[in-house]
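Visitor: Next up, structure-v3.tsv (TSV, C-alpha atoms and all ligand atoms).
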chain	number	residue	atom	x	y	z
A	1	MET	CA	-8.08	-30.26	1.44
A	2	ALA	CA	-4.38	-31.12	1.17
A	3	THR	CA	-4.25	-29.25	-2.17
A	4	SER	CA	-5.74	-26.05	-0.76
A	5	VAL	CA	-3.28	-26.05	2.17
A	6	ALA	CA	-0.40	-26.66	-0.24
A	7	THR	CA	-1.46	-23.73	-2.45
A	8	ALA	CA	-2.29	-21.47	0.51
A	9	ARG	CA	1.20	-21.77	2.06
A	10	PRO	CA	3.24	-20.26	-0.80
A	11	LEU	CA	0.65	-17.49	-1.12
A	12	ALA	CA	0.86	-16.68	2.59
A	13	ALA	CA	4.66	-16.81	2.41
A	14	ARG	CA	4.67	-14.41	-0.56
A	15	THR	CA	2.30	-12.03	1.23
A	16	ALA	CA	4.45	-12.11	4.39
A	17	ALA	CA	7.61	-11.45	2.34
A	18	ALA	CA	5.88	-8.56	0.52
A	19	VAL	CA	4.72	-7.06	3.85
A	20	LEU	CA	8.28	-7.19	5.20
A	21	ILE	CA	9.74	-5.57	2.07
A	22	VAL	CA	7.13	-2.79	2.19
A	23	VAL	CA	7.81	-2.20	5.91
A	24	ALA	CA	11.58	-1.98	5.25
A	25	LEU	CA	11.06	0.48	2.39
A	26	VAL	CA	8.62	2.67	4.34
A	27	ILE	CA	10.98	2.95	7.35
A	28	ALA	CA	14.04	3.65	5.17
A	29	LEU	CA	12.18	6.20	3.03
A	30	ALA	CA	10.66	7.97	6.05
A	31	LEU	CA	14.11	8.40	7.62
A	32	GLY	CA	15.63	9.53	4.32
A	33	VAL	CA	12.88	12.08	3.71
A	34	TYR	CA	13.21	13.43	7.26
A	35	ALA	CA	17.02	13.66	6.98
A	36	LYS	CA	16.79	15.45	3.62
A	37	ALA	CA	13.88	17.77	4.45
A	38	HIS	CA	15.03	18.85	7.91
A	39	THR	CA	17.56	21.70	8.19
A	40	PRO	CA	20.71	20.19	9.78
A	41	ALA	CA	21.25	21.60	13.27
A	42	GLY	CA	25.04	21.33	12.89
A	43	ARG	CA	25.65	20.80	16.61
A	44	PRO	CA	25.60	17.81	18.98
A	45	ILE	CA	22.79	17.09	21.45
A	46	PHE	CA	25.29	15.46	23.85
A	47	THR	CA	28.82	14.10	23.63
A	48	LEU	CA	28.90	12.03	26.88
A	49	TRP	CA	32.56	11.55	27.93
A	50	PHE	CA	33.89	12.07	24.39
A	51	SER	CA	35.77	15.14	23.16
A	52	GLY	CA	33.20	15.66	20.39
A	53	MET	CA	30.29	14.28	18.42
A	54	LEU	CA	32.53	12.61	15.82
A	55	GLN	CA	34.46	10.69	18.44
A	56	LEU	CA	31.26	9.49	20.13
A	57	LYS	CA	29.87	8.39	16.78
A	58	VAL	CA	32.91	6.50	15.54
A	59	TRP	CA	33.40	4.57	18.81
A	60	PHE	CA	29.73	3.69	19.30
A	61	THR	CA	29.61	2.51	15.67
A	62	THR	CA	32.79	0.48	16.11
A	63	ALA	CA	31.39	-1.17	19.26
A	64	ALA	CA	28.17	-2.03	17.39
A	65	VAL	CA	30.17	-3.55	14.50
A	66	ALA	CA	32.28	-5.57	16.97
A	67	LEU	CA	29.04	-7.04	18.37
A	68	LEU	CA	28.19	-8.17	14.82
A	69	ILE	CA	30.86	-10.87	15.22
A	70	VAL	CA	28.87	-12.24	18.18
A	71	GLN	CA	25.68	-11.87	16.14
A	72	LEU	CA	27.06	-13.74	13.14
A	73	THR	CA	28.61	-16.54	15.22
A	74	THR	CA	25.47	-17.15	17.28
A	75	ALA	CA	23.20	-16.90	14.20
A	76	LEU	CA	25.27	-19.50	12.32
A	77	TRP	CA	25.23	-21.73	15.42
A	78	MET	CA	21.43	-21.52	15.78
A	79	TRP	CA	21.00	-22.40	12.10
A	80	GLY	CA	23.42	-25.35	12.40
A	81	ARG	CA	25.93	-23.72	10.06
A	82	LEU	CA	28.77	-22.91	12.47
A	83	PRO	CA	31.78	-24.96	11.32
A	84	GLY	CA	32.97	-27.37	14.02
A	85	ALA	CA	30.13	-26.53	16.47
A	86	GLY	CA	28.15	-29.74	15.95
A	87	ASP	CA	24.36	-30.08	16.02
A	88	VAL	CA	23.74	-29.32	19.69
A	89	VAL	CA	22.97	-25.66	20.30
A	90	PRO	CA	23.62	-24.67	23.95
A	91	ARG	CA	20.80	-22.81	25.71
A	92	TRP	CA	22.83	-19.59	26.06
A	93	VAL	CA	23.29	-19.14	22.28
A	94	ALA	CA	19.82	-17.72	21.48
A	95	PRO	CA	19.78	-15.21	24.41
A	96	THR	CA	23.34	-14.15	23.52
A	97	HIS	CA	22.22	-13.50	19.94
A	98	ARG	CA	19.19	-11.53	21.15
A	99	TRP	CA	21.05	-9.43	23.71
A	100	SER	CA	24.12	-8.67	21.61
A	101	GLY	CA	21.74	-7.56	18.84
A	102	ALA	CA	19.76	-5.37	21.22
A	103	VAL	CA	22.91	-3.71	22.59
A	104	ALA	CA	24.34	-3.19	19.08
A	105	PHE	CA	21.05	-1.61	17.97
A	106	ALA	CA	20.90	0.60	21.09
A	107	LEU	CA	24.44	1.84	20.34
A	108	THR	CA	23.40	2.93	16.83
A	109	VAL	CA	20.42	5.02	17.98
A	110	PRO	CA	22.22	8.06	19.51
A	111	VAL	CA	24.63	7.98	16.56
A	112	ALA	CA	21.93	7.95	13.89
A	113	VAL	CA	19.90	10.61	15.73
A	114	HIS	CA	22.99	12.83	15.62
A	115	CYS	CA	23.60	11.99	11.94
A	116	MET	CA	20.07	12.84	10.86
A	117	TRP	CA	19.39	15.75	13.18
A	118	ALA	CA	22.79	17.44	13.13
A	119	LEU	CA	24.02	16.57	9.60
A	120	GLY	CA	21.04	15.43	7.52
A	121	PHE	CA	21.19	13.37	4.30
A	122	GLY	CA	24.67	14.16	3.01
A	123	THR	CA	25.16	14.35	-0.77
A	124	GLN	CA	28.63	15.91	-1.04
A	125	ASP	CA	30.26	12.79	-2.52
A	126	ALA	CA	29.64	9.09	-3.25
A	127	ARG	CA	30.97	7.96	0.15
A	128	VAL	CA	28.61	10.23	2.07
A	129	VAL	CA	25.62	9.29	-0.13
A	130	ALA	CA	26.43	5.58	0.36
A	131	HIS	CA	26.63	6.21	4.11
A	132	SER	CA	23.32	8.07	4.29
A	133	VAL	CA	21.53	5.42	2.17
A	134	ALA	CA	23.02	2.57	4.26
A	135	GLY	CA	21.98	4.37	7.47
A	136	CYS	CA	18.35	4.57	6.34
A	137	ALA	CA	18.40	1.02	4.90
A	138	PHE	CA	19.84	-0.33	8.16
A	139	TYR	CA	16.76	0.77	10.12
A	140	GLY	CA	14.43	-0.47	7.35
A	141	ALA	CA	16.07	-3.92	7.39
A	142	TYR	CA	16.17	-3.98	11.20
A	143	GLY	CA	12.47	-3.08	11.51
A	144	ALA	CA	11.52	-5.74	8.95
A	145	LYS	CA	13.63	-8.34	10.73
A	146	MET	CA	12.04	-7.62	14.12
A	147	LEU	CA	8.58	-7.86	12.54
A	148	GLY	CA	9.55	-11.01	10.62
A	149	LEU	CA	10.52	-12.74	13.87
A	150	ARG	CA	7.01	-12.22	15.21
A	151	MET	CA	4.94	-12.81	12.04
A	152	ARG	CA	3.43	-16.12	10.95
A	153	GLY	CA	4.01	-17.54	7.47
A	154	VAL	CA	7.36	-15.84	6.86
A	155	PRO	CA	9.36	-17.89	4.29
A	156	SER	CA	12.46	-19.61	5.70
A	157	TRP	CA	14.84	-17.58	3.49
A	158	ALA	CA	13.52	-14.23	4.77
A	159	LEU	CA	15.15	-14.14	8.22
A	160	PRO	CA	18.71	-14.92	7.05
A	161	VAL	CA	18.29	-12.41	4.20
A	162	MET	CA	17.04	-9.68	6.55
A	163	GLY	CA	19.65	-10.46	9.21
A	164	GLY	CA	22.35	-10.43	6.53
A	165	SER	CA	21.06	-7.10	5.20
A	166	VAL	CA	21.16	-5.55	8.69
A	167	MET	CA	24.79	-6.70	9.08
A	168	ALA	CA	25.80	-5.61	5.57
A	169	MET	CA	24.30	-2.14	6.12
A	170	LEU	CA	26.07	-1.69	9.47
A	171	VAL	CA	29.41	-2.77	7.98
A	172	THR	CA	28.83	-0.29	5.08
A	173	ILE	CA	28.05	2.44	7.62
A	174	TRP	CA	31.25	1.66	9.52
A	175	LEU	CA	33.40	1.57	6.37
A	176	THR	CA	32.00	4.82	4.98
A	177	ALA	CA	32.17	6.81	8.23
A	178	ALA	CA	34.15	5.31	11.12
A	179	LEU	CA	36.99	3.72	9.12
A	180	TRP	CA	37.17	6.86	7.00
A	181	PHE	CA	37.50	8.95	10.20
A	182	PHE	CA	40.20	6.63	11.65
A	183	THR	CA	42.26	6.80	8.45
A	184	ARG	CA	42.35	10.58	8.81
A	185	SER	CA	42.50	11.19	12.56
A	186	GLY	CA	44.21	8.06	13.89
A	187	LEU	CA	42.60	6.35	16.88
A	188	PRO	CA	41.65	9.07	19.41
A	189	LEU	CA	40.39	7.20	22.49
A	190	THR	CA	37.81	9.81	23.54
B	201	LIG	C1	23.00	3.03	12.10
B	201	LIG	C2	22.95	4.26	11.69
B	201	LIG	C3	24.15	5.17	11.54
B	201	LIG	C4	25.41	5.09	12.10
B	201	LIG	C5	25.92	4.02	13.05
B	201	LIG	C6	26.16	6.23	11.61
B	201	LIG	C7	27.49	6.50	11.94
B	201	LIG	C8	28.21	7.60	11.50
B	201	LIG	C9	29.58	7.91	11.84
B	201	LIG	C10	30.45	7.06	12.75
B	201	LIG	C11	29.94	9.05	11.19
B	201	LIG	C12	31.33	9.71	11.21
B	201	LIG	C13	31.40	10.85	12.16
B	201	LIG	C14	30.87	12.16	11.57
B	201	LIG	O1	31.32	12.54	10.47
B	201	LIG	O2	30.03	12.79	12.20
B	201	LIG	C15	28.79	9.50	10.44
B	201	LIG	C16	28.75	10.62	9.62
B	201	LIG	C17	27.66	11.01	8.87
B	201	LIG	N1	26.40	10.44	8.86
B	201	LIG	FE1	25.90	8.71	9.81
B	201	LIG	N2	25.37	6.97	10.76
B	201	LIG	C18	24.13	6.35	10.70
B	201	LIG	C19	23.03	6.76	10.00
B	201	LIG	C20	22.99	7.90	9.21
B	201	LIG	C21	21.82	8.36	8.51
B	201	LIG	C22	20.47	7.65	8.57
B	201	LIG	C23	22.19	9.50	7.85
B	201	LIG	C24	21.33	10.36	6.97
B	201	LIG	C25	20.34	9.92	6.29
B	201	LIG	C26	23.57	9.77	8.14
B	201	LIG	C27	24.30	10.85	7.66
B	201	LIG	C28	25.61	11.13	7.98
B	201	LIG	C29	26.38	12.20	7.39
B	201	LIG	C30	25.89	13.22	6.38
B	201	LIG	C31	27.66	12.13	7.96
B	201	LIG	C32	28.88	13.04	7.66
B	201	LIG	C33	29.70	12.34	6.63
B	201	LIG	C34	30.98	13.10	6.32
B	201	LIG	O3	30.89	14.28	5.96
B	201	LIG	O4	32.03	12.48	6.43
B	201	LIG	N3	24.04	8.77	8.97
B	201	LIG	N4	27.76	8.59	10.65
In structure tokens, how does this file's structure come out?
Ligand code: HEM
Guide:
Amino acid sequence: MATSVATARPLAARTAAAVLIVVALVIALALGVYAKAHTPAGRPIFTLWFSGMLQLKVWFTTAAVALLIVQLTTALWMWGRLPGAGDVVPRWVAPTHRWSGAVAFALTVPVAVHCMWALGFGTQDARVVAHSVAGCAFYGAYGAKMLGLRMRGVPSWALPVMGGSVMAMLVTIWLTAALWFFTRSGLPLT
């Protein structure tokens, strides 16, 4: 009996990891195909209080990246890896991680909708390709992470890897679009 449980666990863990990888790829590919196939509208849907679509996008993206600092700190704390924080994890850490992640994700949605609908999958140079790929991969990794949190049998390495991928993709998005914009246009506040 003990042997069959021992052999079943790694199998279940491998299946769960494979499911998460497939989910991430399907989401990323679906977004990429839509962005490439759809004719870019070339105009914003809304700009809120900003002077234009670009300004809205760079500031929403920057706010989402700033929340990554909260995400990283609280994630390291929950996993007992935050230097100097000790072993006791206060009760507010997990909800702070959850809510800062939800707000960061919500900030990316209007931006990505504008990117895909108004601009499409850009291929004009390596920076824009890297940005478009990272944009699609971000949602793939995010979807897999959300599913991984609710699935049974997920291997212990999967959540940090998926969480790290989500963060790495958002930082890539920021570097290839928002930072690039700021280096050219300065820091317009609206
Ligand atoms: C989390 C998701 C995303 C965020 C936060 C994001 C953010 C941004 C920002 C801040 C800009 C600069 C402003 C502008 O040029 O309009 C931008 C540009 C752009 N985005 Fe995204 N984006 C995301 C996803 C995507 C996706 C999925 C695609 C297409 C597959 C895409 C394609 C583009 C293109 C083509 C540009 C113009 C690049 C240029 O010519 O400089 N983005 N994005």
Visitor: Residues at most 9 Å from Gln55 of chain A, counting all atoms listed in the file, excluding those fewer than 4 positions away in the same chain, as a PDB file with C-alpha atoms, in the frame of the given file?
Guide:
ATOM      1  CA  THR A  47      28.820  14.100  23.630  1.00  0.00           C
ATOM      2  CA  PHE A  50      33.890  12.070  24.390  1.00  0.00           C
ATOM      3  CA  SER A  51      35.770  15.140  23.160  1.00  0.00           C
ATOM      4  CA  TRP A  59      33.400   4.570  18.810  1.00  0.00           C
ATOM      5  CA  PHE A  60      29.730   3.690  19.300  1.00  0.00           C
ATOM      6  CA  PHE A 181      37.500   8.950  10.200  1.00  0.00           C
ATOM      7  CA  PRO A 188      41.650   9.070  19.410  1.00  0.00           C
ATOM      8  CA  LEU A 189      40.390   7.200  22.490  1.00  0.00           C
ATOM      9  CA  THR A 190      37.810   9.810  23.540  1.00  0.00           C
TER      10      THR A 190
END
Visitor: Between A:Leu76, A:Met162, A:Ala168, A:Leu82, which has the minimum distance to ligand LIG 201 (chain B) (counting all atoms listed in the file)?
Guide: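 Selected residue with least distance to ligand LIG 201 (chain B): A:Ala168.
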Visitor: Could you list the protein, DNA and RNA residues that have any atom within 6 Å of ligand LIG 201 (chain B), counting only C-alpha atoms and all ligand atoms, and write them as a CSV table (one decimal) with C-alpha atoms, in the frame of the given file?
Guide:
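Saved to pocket33.csv:
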chain,number,residue,atom,x,y,z
A,32,GLY,CA,15.6,9.5,4.3
A,35,ALA,CA,17.0,13.7,7.0
A,54,LEU,CA,32.5,12.6,15.8
A,57,LYS,CA,29.9,8.4,16.8
A,58,VAL,CA,32.9,6.5,15.5
A,61,THR,CA,29.6,2.5,15.7
A,108,THR,CA,23.4,2.9,16.8
A,111,VAL,CA,24.6,8.0,16.6
A,112,ALA,CA,21.9,8.0,13.9
A,115,CYS,CA,23.6,12.0,11.9
A,116,MET,CA,20.1,12.8,10.9
A,119,LEU,CA,24.0,16.6,9.6
A,120,GLY,CA,21.0,15.4,7.5
A,121,PHE,CA,21.2,13.4,4.3
A,122,GLY,CA,24.7,14.2,3.0
A,128,VAL,CA,28.6,10.2,2.1
A,132,SER,CA,23.3,8.1,4.3
A,135,GLY,CA,22.0,4.4,7.5
A,136,CYS,CA,18.4,4.6,6.3
A,173,ILE,CA,28.0,2.4,7.6
A,177,ALA,CA,32.2,6.8,8.2
A,178,ALA,CA,34.2,5.3,11.1
Visitor: Looking at A:Thr183, A:Tyr34, A:Ala64, A:Val161, which one is nearest to Val103 of chain A, with distances taken over all atoms listed in the file?
Guide: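 Among the listed residues, the smallest separation from Val103 of chain A belongs to A:Ala64.
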Visitor: Kindly indicate which residue among A:Pro160, A:Pro110, A:Gly52, A:Gly84 lies nearest to Lys145 of chain A, using all atoms listed in the file for the distances.
Guide: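 Counting all atoms listed in the file, the residue closest to Lys145 of chain A is A:Pro160.
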Visitor: Between A:Ala30, A:Arg150, A:Thr73, A:Ala37, which has the minimum distance to Ala85 of chain A (counting only C-alpha atoms)?
Guide: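 Among the listed residues, A:Thr73 lies closest to Ala85 of chain A.
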Visitor: Identify, on the basis of only C-alpha atoms, every residue whose closest approach to Pro95 of chain A does not exceed 12 Å; exclude the query and any residue fewer than 3 positions from it along the same chain; express the result as an MDAnalysis selection string.
Guide: chainID A and resid 70:71 74:75 78 89:92 98:102
Visitor: Keeping only C-alpha atoms, take the residues you just selected and write them out as a CSV table (one decimal), in the frame of the given file.
Guide:
chain,number,residue,atom,x,y,z
A,70,VAL,CA,28.9,-12.2,18.2
A,71,GLN,CA,25.7,-11.9,16.1
A,74,THR,CA,25.5,-17.2,17.3
A,75,ALA,CA,23.2,-16.9,14.2
A,78,MET,CA,21.4,-21.5,15.8
A,89,VAL,CA,23.0,-25.7,20.3
A,90,PRO,CA,23.6,-24.7,24.0
A,91,ARG,CA,20.8,-22.8,25.7
A,92,TRP,CA,22.8,-19.6,26.1
A,98,ARG,CA,19.2,-11.5,21.2
A,99,TRP,CA,21.0,-9.4,23.7
A,100,SER,CA,24.1,-8.7,21.6
A,101,GLY,CA,21.7,-7.6,18.8
A,102,ALA,CA,19.8,-5.4,21.2
Visitor: Of the residues A:Ala63, A:Ala24, A:Val33, A:Val93, which is the one nearest to Val166 of chain A, using all atoms listed in the file?
Guide: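 Of A:Ala63, A:Ala24, A:Val33, A:Val93, the one nearest Val166 of chain A, counting all atoms listed in the file, is A:Ala24.
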Visitor: Work out how far apart atom CA of Ala13 of chain A and atom CA of Gly148 of chain A are and give it in Å to one decimal.
Guide: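 Taking atom CA of Ala13 of chain A and atom CA of Gly148 of chain A, their separation equals 11.2 Å.
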Visitor: One decimal, in Å: what's the spacing between atom CA of Trp180 of chain A and atom CA of Phe105 of chain A?
Guide: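 So the two atoms, atom CA of Trp180 of chain A and atom CA of Phe105 of chain A, lie 21.3 Å apart.
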Visitor: What gap, in Å, lies between atom CA of Leu170 of chain A and atom CA of Leu187 of chain A?
Guide: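 If I compute the distance from atom CA of Leu170 of chain A to atom CA of Leu187 of chain A, I get 19.8 Å.
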Visitor: If we count only C-alpha atoms, what is near Val19 of chain A at a cut-off of 12 Å, once residues fewer than 4 positions away on the same chain are taken out, given as a ChimeraX atom specification?
Guide: /A:12-15,23-26,143-145,147-148,151-155,158
Visitor: I need the residue nearest Trp117 of chain A from this list: A:Ile45, A:Leu29, A:Val171, A:Leu159. Use only C-alpha atoms for the distance.
Guide: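 Among the listed residues, the smallest separation from Trp117 of chain A belongs to A:Ile45.
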